[in-house]
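Here is the structure we will look at.
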Amino acid sequence: MTVVLKSAAFRAEREPSWRELEGLLDRVERYGLPALASSEIARLPALYRAALSSLSVARAISLDRNVLDYLETLSARAYLVVYGTRRHLRDALRDFFVHRFPGAVRAHRRHLALALALIALGAVVGHALTARDAERFYAFVDPAMAQGRGPTSSTASLREALYAPRDAAQLLKTFAMFLFQHNATIGLLAFAVGFAGGVPSALLLFTNGLVLGAFGALYRSRGLALEFWGWVLPHGVTELFAVALCGAAGLALGQAVVFPGREERLAGLARRGREAGVLAVGAVALFFVAALVEGLFRQLVHSVPIRYGVAAATFLFWTVYLARAGRRA
Amino acid sequence: MTAGGARTREVVTPDGVPLRFAIALAGDRAGAFLLDYLLVLAAVLVSVLAIFFLVGWAGGADLALAGALLALFLVRTFYFTFFELSWRGQTPGKRKLGIRVIDARGGPLTAEAIITRNLTRELEVFLPMTALAGPDAVYPGAPAGVALAALAWMLLFGLLPLFNRDRLRVGDLVAGTIVVRAPDARLLDELVAAPASRAADGFAFSLEQLDVYGEYELHVLEGLLRDGPAARPDALAAVAARIQEKIGWDAPAPDDRAFLRAYYTALRGRLERRLLLGRRRAHKLDRS
């Protein structure tokens, strides 16, 4: 009795195309897609679909476990190559800053407004409480951040901090780096803890406002309010925007967890998480800009009107950019 | 692919074909992370040394400190994102341990998903680590009870993968991704003897003899035969004797391997013909 199995004949017929696909995949996985010639790249989708069709046929007619496992593996590997991320970093960046990021900000404008309101509320509360009792400054501001400034500092030393001489630029560069790192970490934290229902994000925004308000009250009590805000705002506009963006992202995550709406909770979280992640990454870029302004511009320019001018200009720039960029006319 | 009883997750490709992926083991993931983290630390160390080398000690400790902080932040934040973007869901550590990130719903793995799943690492890993190392840095002045509760809360996030079936960490939940074993099964030789070969000729089985077993037994037999030369002769002999007894084989069969291959071929042919007619037979007790 001679035995001709359909599954064996099927394998004999299709095996060359499987082997060809496997060879291409081996090279892509080891050296990346550029390792393939353009004709080979053009073959890839066709071979992938052939493998998928072979898998479907094999599931229906073959009981050879190894062939089934192999085809499943081969299809999965090809699937990962065909549907994997494969964009050039430059294109991805341009797309991100022209379309994705401003679009995501516009989509979250309510969360952003809430986040800004929380910071403002914190600032007002911090300001009012510190103005009433200067000792409360210590309750709101971490000593490392205050850098020796406090209710006991002399007015002269407080003023000096606002107009640092240029020869201390080195030290301030360190300070800017530290602030960039510190602020970006706080921002990312505000995003990440949004997973816990959004409450920690709101709290972080509020306490950030408290610190700002406490500083404001301290300087105001010495009649330096105008100079102080001129010192804070040039980079502060960008930085507070960035913190608020991270907070907004965290709040959006919290919303997805607490109020899933019609979606399945996990699916909603995944969708919102991706959108909110865009906000957080954009915010890191903003932090970087803020640190540059803080580290360079503020040390070089001491004129209060120019400082206010720059603050207004950055505010205008971010507002127009975030409101208009990438929008179809 | 599903060896070792690993959990699997079915993903439907955009082409509509379901593919099974084995979920990566928690240990593999922890190992991959440790490896990656060591690489991050090494990269930071190298960049700090490079700054010192370029600027020299005269440049001042401030600049070096600034560089170190910046490098640590940038490398820590973007290392995973960069590699998962450019290596299609793998980092060096993941590649070493043979695991990778895919989209949990079968779609393409988007840049947003990768960015998102790596940003939450701050919360899951680095915050608990800082809290363990120096509680004062995270919640200054808190009473011991509060600190302990906060630590437990953070550990709960960090250890989330151990508490769900798909080993999802918070970042996976938020980004809608899943970490699987990188598929790697190889195509082995066909076991079905070629029609003209002697091995298949010497044996003829009746339908009654073939209907003794089902697919499960077929796959066990396949596994035994695929062990190749490594299969112990006594195991082959024992299985051959058991089958011969079960199906009432009385003709001589001097070569156990040849007998088993022939029986495998005949059984597979019989079961596949039934399969074509839509009648699966899962195992020997399945009499449907």
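The chains in the structure tokens are called A, B, ... from first to last as shown; in each chain the residues are counted from 1, and the ligands are counted from 1 in the order shown.
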
Residue neighbourhood Phe137 in chain A, 8 Å, only C-alpha atoms, exclusion window fewer than 3 positions, as a list in words: Thr130, Ala134, Phe140, Val141, Gly150, Pro151, Ala214, Phe215 and Leu218 of chain A

Atom-to-atom span, CA of Val211 in chain A and CA of Leu114 in chain A, Å: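 Calculated distance between CA of Val211 in chain A and CA of Leu114 in chain A is 18.4 Å.
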
Contacts of Gly106 in chain B at 10 Å (only C-alpha atoms; same-chain gap of 4+ positions) as JSON, numbers by chain: {"A": [79, 80, 83], "B": [10, 11, 12, 13, 14, 15, 16, 17, 18, 19, 102, 177]}

Emit the selected residues as a PDB file, in the first residue's frame, including C-alpha atoms.
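Heads up, here's the output in out-v2.pdb:
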```pdb
ATOM      1  CA  TYR A  79       3.531  39.480  11.299  1.00  0.00           C
ATOM      2  CA  LEU A  80       5.860  41.247  13.730  1.00  0.00           C
ATOM      3  CA  TYR A  83       3.148  45.180  11.265  1.00  0.00           C
TER       4      TYR A  83
ATOM      5  CA  GLU B  10      -4.364  34.542  20.941  1.00  0.00           C
ATOM      6  CA  VAL B  11      -3.891  37.601  18.781  1.00  0.00           C
ATOM      7  CA  VAL B  12      -5.941  38.139  15.642  1.00  0.00           C
ATOM      8  CA  THR B  13      -3.855  39.743  12.916  1.00  0.00           C
ATOM      9  CA  PRO B  14      -5.317  42.504  10.742  1.00  0.00           C
ATOM     10  CA  ASP B  15      -5.588  39.808   8.066  1.00  0.00           C
ATOM     11  CA  GLY B  16      -8.033  37.944  10.270  1.00  0.00           C
ATOM     12  CA  VAL B  17      -5.896  34.925  11.142  1.00  0.00           C
ATOM     13  CA  PRO B  18      -5.565  34.093  14.844  1.00  0.00           C
ATOM     14  CA  LEU B  19      -1.976  33.549  16.015  1.00  0.00           C
ATOM     15  CA  ILE B 102       3.543  43.178  20.824  1.00  0.00           C
ATOM     16  CA  THR B 177       0.711  45.943  24.973  1.00  0.00           C
TER      17      THR B 177
END
```

Members of range 28-127 of chain B assigned strand (DSSP E) by DSSP, as number ranges by chain: B: 99-103

Write the residues of the preceding selection, restricted to C-alpha atoms, as a PDB file, in the first residue's frame.
```pdb
ATOM      1  CA  ILE B  99      11.073  38.033  24.591  1.00  0.00           C
ATOM      2  CA  ARG B 100       9.394  40.957  22.849  1.00  0.00           C
ATOM      3  CA  VAL B 101       6.576  43.483  23.087  1.00  0.00           C
ATOM      4  CA  ILE B 102       3.543  43.178  20.824  1.00  0.00           C
ATOM      5  CA  ASP B 103       0.194  44.917  20.601  1.00  0.00           C
TER       6      ASP B 103
END
```
